[in-house]
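Peer 1: The following file, query.pdb, comprises PDB, N, CA and C atoms and all ligand atoms:
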ATOM      1  N   MET A   1     -19.025  25.589   1.925  1.00  0.00           N
ATOM      2  CA  MET A   1     -18.727  26.940   1.471  1.00  0.00           C
ATOM      3  C   MET A   1     -17.859  26.939   0.232  1.00  0.00           C
ATOM      4  N   THR A   2     -17.867  25.870  -0.489  1.00  0.00           N
ATOM      5  CA  THR A   2     -16.996  25.808  -1.645  1.00  0.00           C
ATOM      6  C   THR A   2     -17.782  25.977  -2.939  1.00  0.00           C
ATOM      7  N   ASP A   3     -18.420  24.939  -3.352  1.00  0.00           N
ATOM      8  CA  ASP A   3     -19.102  25.003  -4.641  1.00  0.00           C
ATOM      9  C   ASP A   3     -20.593  24.694  -4.488  1.00  0.00           C
ATOM     10  N   GLN A   4     -21.186  25.246  -3.491  1.00  0.00           N
ATOM     11  CA  GLN A   4     -22.583  24.912  -3.248  1.00  0.00           C
ATOM     12  C   GLN A   4     -23.514  25.640  -4.196  1.00  0.00           C
ATOM     13  N   SER A   5     -22.983  26.599  -4.912  1.00  0.00           N
ATOM     14  CA  SER A   5     -23.843  27.344  -5.817  1.00  0.00           C
ATOM     15  C   SER A   5     -23.918  26.690  -7.185  1.00  0.00           C
ATOM     16  N   LEU A   6     -23.194  25.619  -7.362  1.00  0.00           N
ATOM     17  CA  LEU A   6     -23.244  24.924  -8.647  1.00  0.00           C
ATOM     18  C   LEU A   6     -24.612  24.302  -8.856  1.00  0.00           C
ATOM     19  N   PRO A   7     -25.108  24.398 -10.047  1.00  0.00           N
ATOM     20  CA  PRO A   7     -26.399  23.774 -10.344  1.00  0.00           C
ATOM     21  C   PRO A   7     -26.311  22.264 -10.204  1.00  0.00           C
ATOM     22  N   LYS A   8     -27.174  21.711  -9.384  1.00  0.00           N
ATOM     23  CA  LYS A   8     -27.090  20.285  -9.126  1.00  0.00           C
ATOM     24  C   LYS A   8     -27.521  19.461 -10.336  1.00  0.00           C
ATOM     25  N   ALA A   9     -28.288  20.080 -11.206  1.00  0.00           N
ATOM     26  CA  ALA A   9     -28.792  19.344 -12.356  1.00  0.00           C
ATOM     27  C   ALA A   9     -27.648  18.869 -13.249  1.00  0.00           C
ATOM     28  N   LEU A  10     -26.561  19.614 -13.236  1.00  0.00           N
ATOM     29  CA  LEU A  10     -25.452  19.236 -14.097  1.00  0.00           C
ATOM     30  C   LEU A  10     -24.635  18.103 -13.499  1.00  0.00           C
ATOM     31  N   LYS A  11     -24.788  17.932 -12.196  1.00  0.00           N
ATOM     32  CA  LYS A  11     -24.016  16.868 -11.557  1.00  0.00           C
ATOM     33  C   LYS A  11     -24.878  15.633 -11.384  1.00  0.00           C
ATOM     34  N   PRO A  12     -24.414  14.517 -11.898  1.00  0.00           N
ATOM     35  CA  PRO A  12     -25.160  13.279 -11.698  1.00  0.00           C
ATOM     36  C   PRO A  12     -25.163  12.903 -10.225  1.00  0.00           C
ATOM     37  N   ARG A  13     -26.305  12.680  -9.716  1.00  0.00           N
ATOM     38  CA  ARG A  13     -26.416  12.349  -8.309  1.00  0.00           C
ATOM     39  C   ARG A  13     -25.884  10.957  -8.041  1.00  0.00           C
ATOM     40  N   LYS A  14     -25.127  10.887  -6.981  1.00  0.00           N
ATOM     41  CA  LYS A  14     -24.618   9.585  -6.591  1.00  0.00           C
ATOM     42  C   LYS A  14     -25.296   9.119  -5.314  1.00  0.00           C
ATOM     43  N   CYS A  15     -25.464   7.833  -5.250  1.00  0.00           N
ATOM     44  CA  CYS A  15     -26.040   7.259  -4.052  1.00  0.00           C
ATOM     45  C   CYS A  15     -25.113   7.541  -2.871  1.00  0.00           C
ATOM     46  N   PRO A  16     -25.622   8.186  -1.841  1.00  0.00           N
ATOM     47  CA  PRO A  16     -24.788   8.522  -0.690  1.00  0.00           C
ATOM     48  C   PRO A  16     -24.361   7.288   0.096  1.00  0.00           C
ATOM     49  N   ILE A  17     -24.979   6.179  -0.191  1.00  0.00           N
ATOM     50  CA  ILE A  17     -24.648   4.966   0.547  1.00  0.00           C
ATOM     51  C   ILE A  17     -23.510   4.217  -0.120  1.00  0.00           C
ATOM     52  N   CYS A  18     -23.634   3.953  -1.409  1.00  0.00           N
ATOM     53  CA  CYS A  18     -22.626   3.131  -2.061  1.00  0.00           C
ATOM     54  C   CYS A  18     -21.900   3.872  -3.176  1.00  0.00           C
ATOM     55  N   GLY A  19     -22.399   5.055  -3.558  1.00  0.00           N
ATOM     56  CA  GLY A  19     -21.690   5.854  -4.538  1.00  0.00           C
ATOM     57  C   GLY A  19     -22.069   5.558  -5.975  1.00  0.00           C
ATOM     58  N   LYS A  20     -22.984   4.638  -6.163  1.00  0.00           N
ATOM     59  CA  LYS A  20     -23.432   4.355  -7.520  1.00  0.00           C
ATOM     60  C   LYS A  20     -24.375   5.457  -7.987  1.00  0.00           C
ATOM     61  N   PRO A  21     -24.506   5.596  -9.300  1.00  0.00           N
ATOM     62  CA  PRO A  21     -25.443   6.585  -9.828  1.00  0.00           C
ATOM     63  C   PRO A  21     -26.850   6.331  -9.292  1.00  0.00           C
ATOM     64  N   ALA A  22     -27.485   7.396  -8.859  1.00  0.00           N
ATOM     65  CA  ALA A  22     -28.795   7.253  -8.258  1.00  0.00           C
ATOM     66  C   ALA A  22     -29.865   6.965  -9.300  1.00  0.00           C
ATOM     67  N   GLU A  23     -30.834   6.171  -8.896  1.00  0.00           N
ATOM     68  CA  GLU A  23     -31.971   5.900  -9.766  1.00  0.00           C
ATOM     69  C   GLU A  23     -33.103   6.859  -9.418  1.00  0.00           C
ATOM     70  N   PRO A  24     -33.717   7.411 -10.452  1.00  0.00           N
ATOM     71  CA  PRO A  24     -34.817   8.366 -10.204  1.00  0.00           C
ATOM     72  C   PRO A  24     -35.895   7.779  -9.295  1.00  0.00           C
ATOM     73  N   ALA A  25     -36.102   6.501  -9.407  1.00  0.00           N
ATOM     74  CA  ALA A  25     -37.159   5.875  -8.617  1.00  0.00           C
ATOM     75  C   ALA A  25     -36.796   5.823  -7.143  1.00  0.00           C
ATOM     76  N   PHE A  26     -35.505   5.865  -6.876  1.00  0.00           N
ATOM     77  CA  PHE A  26     -35.078   5.729  -5.482  1.00  0.00           C
ATOM     78  C   PHE A  26     -34.226   6.897  -5.029  1.00  0.00           C
ATOM     79  N   LYS A  27     -34.228   7.948  -5.817  1.00  0.00           N
ATOM     80  CA  LYS A  27     -33.325   9.036  -5.528  1.00  0.00           C
ATOM     81  C   LYS A  27     -33.537   9.574  -4.116  1.00  0.00           C
ATOM     82  N   PRO A  28     -32.465  10.011  -3.491  1.00  0.00           N
ATOM     83  CA  PRO A  28     -31.132  10.135  -4.082  1.00  0.00           C
ATOM     84  C   PRO A  28     -30.330   8.840  -4.019  1.00  0.00           C
ATOM     85  N   PHE A  29     -31.004   7.741  -3.840  1.00  0.00           N
ATOM     86  CA  PHE A  29     -30.282   6.478  -3.715  1.00  0.00           C
ATOM     87  C   PHE A  29     -30.333   5.699  -5.014  1.00  0.00           C
ATOM     88  N   CYS A  30     -29.586   4.613  -5.055  1.00  0.00           N
ATOM     89  CA  CYS A  30     -29.528   3.830  -6.279  1.00  0.00           C
ATOM     90  C   CYS A  30     -30.503   2.667  -6.229  1.00  0.00           C
ATOM     91  N   SER A  31     -30.966   2.371  -5.047  1.00  0.00           N
ATOM     92  CA  SER A  31     -31.848   1.218  -4.926  1.00  0.00           C
ATOM     93  C   SER A  31     -32.623   1.294  -3.620  1.00  0.00           C
ATOM     94  N   LYS A  32     -33.617   0.454  -3.535  1.00  0.00           N
ATOM     95  CA  LYS A  32     -34.410   0.408  -2.314  1.00  0.00           C
ATOM     96  C   LYS A  32     -33.542   0.012  -1.129  1.00  0.00           C
ATOM     97  N   ARG A  33     -32.595  -0.852  -1.415  1.00  0.00           N
ATOM     98  CA  ARG A  33     -31.748  -1.336  -0.343  1.00  0.00           C
ATOM     99  C   ARG A  33     -30.963  -0.193   0.297  1.00  0.00           C
ATOM    100  N   CYS A  34     -30.362   0.635  -0.567  1.00  0.00           N
ATOM    101  CA  CYS A  34     -29.581   1.738  -0.034  1.00  0.00           C
ATOM    102  C   CYS A  34     -30.491   2.747   0.652  1.00  0.00           C
ATOM    103  N   SER A  35     -31.692   2.906   0.137  1.00  0.00           N
ATOM    104  CA  SER A  35     -32.644   3.800   0.776  1.00  0.00           C
ATOM    105  C   SER A  35     -32.955   3.303   2.187  1.00  0.00           C
ATOM    106  N   ASP A  36     -33.116   2.005   2.306  1.00  0.00           N
ATOM    107  CA  ASP A  36     -33.390   1.441   3.622  1.00  0.00           C
ATOM    108  C   ASP A  36     -32.204   1.607   4.546  1.00  0.00           C
ATOM    109  N   VAL A  37     -31.026   1.443   3.977  1.00  0.00           N
ATOM    110  CA  VAL A  37     -29.816   1.596   4.784  1.00  0.00           C
ATOM    111  C   VAL A  37     -29.745   3.002   5.349  1.00  0.00           C
ATOM    112  N   ASP A  38     -30.015   3.959   4.496  1.00  0.00           N
ATOM    113  CA  ASP A  38     -29.942   5.343   4.962  1.00  0.00           C
ATOM    114  C   ASP A  38     -31.024   5.607   5.985  1.00  0.00           C
ATOM    115  N   LEU A  39     -32.191   5.056   5.752  1.00  0.00           N
ATOM    116  CA  LEU A  39     -33.295   5.263   6.685  1.00  0.00           C
ATOM    117  C   LEU A  39     -32.943   4.696   8.049  1.00  0.00           C
ATOM    118  N   SER A  40     -32.386   3.504   8.047  1.00  0.00           N
ATOM    119  CA  SER A  40     -32.036   2.887   9.321  1.00  0.00           C
ATOM    120  C   SER A  40     -30.943   3.683  10.015  1.00  0.00           C
ATOM    121  N   ARG A  41     -30.032   4.198   9.220  1.00  0.00           N
ATOM    122  CA  ARG A  41     -28.991   5.036   9.812  1.00  0.00           C
ATOM    123  C   ARG A  41     -29.609   6.257  10.462  1.00  0.00           C
ATOM    124  N   TRP A  42     -30.534   6.834   9.741  1.00  0.00           N
ATOM    125  CA  TRP A  42     -31.169   8.047  10.232  1.00  0.00           C
ATOM    126  C   TRP A  42     -31.930   7.749  11.517  1.00  0.00           C
ATOM    127  N   LEU A  43     -32.647   6.641  11.503  1.00  0.00           N
ATOM    128  CA  LEU A  43     -33.417   6.290  12.687  1.00  0.00           C
ATOM    129  C   LEU A  43     -32.494   6.027  13.861  1.00  0.00           C
ATOM    130  N   LYS A  44     -31.415   5.327  13.601  1.00  0.00           N
ATOM    131  CA  LYS A  44     -30.466   5.061  14.674  1.00  0.00           C
ATOM    132  C   LYS A  44     -29.875   6.359  15.199  1.00  0.00           C
ATOM    133  N   GLY A  45     -29.630   7.259  14.271  1.00  0.00           N
ATOM    134  CA  GLY A  45     -29.060   8.544  14.673  1.00  0.00           C
ATOM    135  C   GLY A  45     -29.986   9.284  15.613  1.00  0.00           C
ATOM    136  N   VAL A  46     -31.280   9.135  15.351  1.00  0.00           N
ATOM    137  CA  VAL A  46     -32.245   9.832  16.190  1.00  0.00           C
ATOM    138  C   VAL A  46     -32.187   9.304  17.612  1.00  0.00           C
ATOM    139  N   TYR A  47     -32.021   7.980  17.714  1.00  0.00           N
ATOM    140  CA  TYR A  47     -32.031   7.378  19.036  1.00  0.00           C
ATOM    141  C   TYR A  47     -30.648   7.324  19.655  1.00  0.00           C
ATOM    142  N   ALA A  48     -29.663   7.708  18.879  1.00  0.00           N
ATOM    143  CA  ALA A  48     -28.302   7.646  19.391  1.00  0.00           C
ATOM    144  C   ALA A  48     -27.600   8.978  19.131  1.00  0.00           C
ATOM    145  N   ILE A  49     -28.220  10.002  19.622  1.00  0.00           N
ATOM    146  CA  ILE A  49     -27.635  11.329  19.435  1.00  0.00           C
ATOM    147  C   ILE A  49     -26.341  11.438  20.236  1.00  0.00           C
ATOM    148  N   PRO A  50     -25.279  11.784  19.565  1.00  0.00           N
ATOM    149  CA  PRO A  50     -23.995  11.909  20.254  1.00  0.00           C
ATOM    150  C   PRO A  50     -24.069  12.977  21.339  1.00  0.00           C
ATOM    151  N   VAL A  51     -23.674  12.566  22.524  1.00  0.00           N
ATOM    152  CA  VAL A  51     -23.736  13.506  23.638  1.00  0.00           C
ATOM    153  C   VAL A  51     -22.531  14.430  23.610  1.00  0.00           C
ATOM    154  N   VAL A  52     -22.804  15.686  23.550  1.00  0.00           N
ATOM    155  CA  VAL A  52     -21.708  16.648  23.536  1.00  0.00           C
ATOM    156  C   VAL A  52     -21.383  17.052  24.964  1.00  0.00           C
ATOM    157  N   GLU A  53     -20.190  16.725  25.348  1.00  0.00           N
ATOM    158  CA  GLU A  53     -19.781  17.079  26.702  1.00  0.00           C
ATOM    159  C   GLU A  53     -19.361  18.546  26.761  1.00  0.00           C
ATOM    160  N   GLU A  54     -19.994  19.257  27.632  1.00  0.00           N
ATOM    161  CA  GLU A  54     -19.694  20.686  27.715  1.00  0.00           C
ATOM    162  C   GLU A  54     -18.887  20.998  28.967  1.00  0.00           C
ATOM    163  N   ASP A  55     -18.138  19.998  29.406  1.00  0.00           N
ATOM    164  CA  ASP A  55     -17.339  20.214  30.610  1.00  0.00           C
ATOM    165  C   ASP A  55     -16.060  20.964  30.308  1.00  0.00           C
ATOM    166  N   GLU A  56     -15.645  20.851  29.066  1.00  0.00           N
ATOM    167  CA  GLU A  56     -14.370  21.482  28.726  1.00  0.00           C
ATOM    168  C   GLU A  56     -14.557  22.968  28.451  1.00  0.00           C
ATOM    169  N   ARG A  57     -14.074  23.748  29.345  1.00  0.00           N
ATOM    170  CA  ARG A  57     -14.160  25.193  29.130  1.00  0.00           C
ATOM    171  C   ARG A  57     -12.800  25.740  28.729  1.00  0.00           C
ATOM    172  N   PRO A  58     -12.781  26.616  27.803  1.00  0.00           N
ATOM    173  CA  PRO A  58     -11.507  27.200  27.366  1.00  0.00           C
ATOM    174  C   PRO A  58     -10.896  28.073  28.466  1.00  0.00           C
ATOM    175  N   ASP A  59      -9.603  27.825  28.683  1.00  0.00           N
ATOM    176  CA  ASP A  59      -8.914  28.630  29.702  1.00  0.00           C
ATOM    177  C   ASP A  59      -8.281  29.853  29.074  1.00  0.00           C
ATOM    178  N   ASP A  60      -9.094  30.703  28.611  1.00  0.00           N
ATOM    179  CA  ASP A  60      -8.571  31.881  27.922  1.00  0.00           C
ATOM    180  C   ASP A  60      -8.803  33.158  28.724  1.00  0.00           C
ATOM    181  N   GLU A  61      -9.050  32.969  30.001  1.00  0.00           N
ATOM    182  CA  GLU A  61      -9.392  34.160  30.792  1.00  0.00           C
ATOM    183  C   GLU A  61      -8.161  35.011  31.060  1.00  0.00           C
ATOM    184  N   GLU A  62      -6.997  34.383  30.985  1.00  0.00           N
ATOM    185  CA  GLU A  62      -5.776  35.144  31.332  1.00  0.00           C
ATOM    186  C   GLU A  62      -5.136  35.785  30.112  1.00  0.00           C
ATOM    187  N   ARG A  63      -5.889  35.758  29.022  1.00  0.00           N
ATOM    188  CA  ARG A  63      -5.346  36.408  27.831  1.00  0.00           C
ATOM    189  C   ARG A  63      -5.690  37.878  27.839  1.00  0.00           C
ATOM    190  N   ASP A  64      -4.748  38.685  28.203  1.00  0.00           N
ATOM    191  CA  ASP A  64      -5.034  40.106  28.321  1.00  0.00           C
ATOM    192  C   ASP A  64      -4.598  40.881  27.081  1.00  0.00           C
ATOM    193  N   GLY A  65      -3.638  40.338  26.373  1.00  0.00           N
ATOM    194  CA  GLY A  65      -3.173  41.018  25.170  1.00  0.00           C
ATOM    195  C   GLY A  65      -2.540  42.366  25.484  1.00  0.00           C
ATOM    196  N   GLY A  66      -1.461  42.379  26.283  1.00  0.00           N
ATOM    197  CA  GLY A  66      -0.852  43.640  26.712  1.00  0.00           C
ATOM    198  C   GLY A  66      -0.131  44.349  25.599  1.00  0.00           C
ATOM    199  N   ALA A  67       0.675  43.599  24.820  1.00  0.00           N
ATOM    200  CA  ALA A  67       1.506  44.226  23.810  1.00  0.00           C
ATOM    201  C   ALA A  67       0.620  44.810  22.726  1.00  0.00           C
TER     202      ALA A  67
HETATM  203 ZN    ZN A 101     -26.571   2.688  -3.396  1.00  0.00          ZN
END
Would you encode the structure as structure tokens?
Peer 2:
Amino acid sequence: MTDQSLPKALKPRKCPICGKPAEPAFKPFCSKRCSDVDLSRWLKGVYAIPVVEEDERPDDEERDGGA
């Protein structure tokens, strides 16, 4: 919610893996290697979805707000 409206064309894309300037051939990555790294991360993420525990319920039932 900060500067997402900025035109991306003016900002040089950086490789999200190592931070080097991205190569058009491998964008948004700088190389095939980083592209593979991201792909493997993504694949792992798919198979390792963080389990969100929903056991914690907020104890806000006694908030009556009298004043
Ligand atoms: Zn890279």
Peer 1: Report, in Å with one decimal, the straight-line distance from atom N of Glu53 (chain A) to CA of Ser40 (chain A).
Peer 2: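 For atom N of Glu53 (chain A) relative to CA of Ser40 (chain A), the distance reads 24.3 Å.
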Peer 1: List as number ranges by chain the protein and nucleic acid residues lying within 12 Å of ligand ZN 101 (chain A), with only C-alpha atoms and all ligand atoms counted.
Peer 2: A: 13-23, 26-38
Peer 1: What's the separation between CA of Glu54 (chain A) and CA of Trp42 (chain A), in Å to one decimal place?
Peer 2: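 About the pair CA of Glu54 (chain A) and CA of Trp42 (chain A): they are 24.4 Å apart.
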Peer 1: Interatomic distance between atom C of Asp55 (chain A) and atom C of Leu43 (chain A)?
Peer 2: 27.6 Å
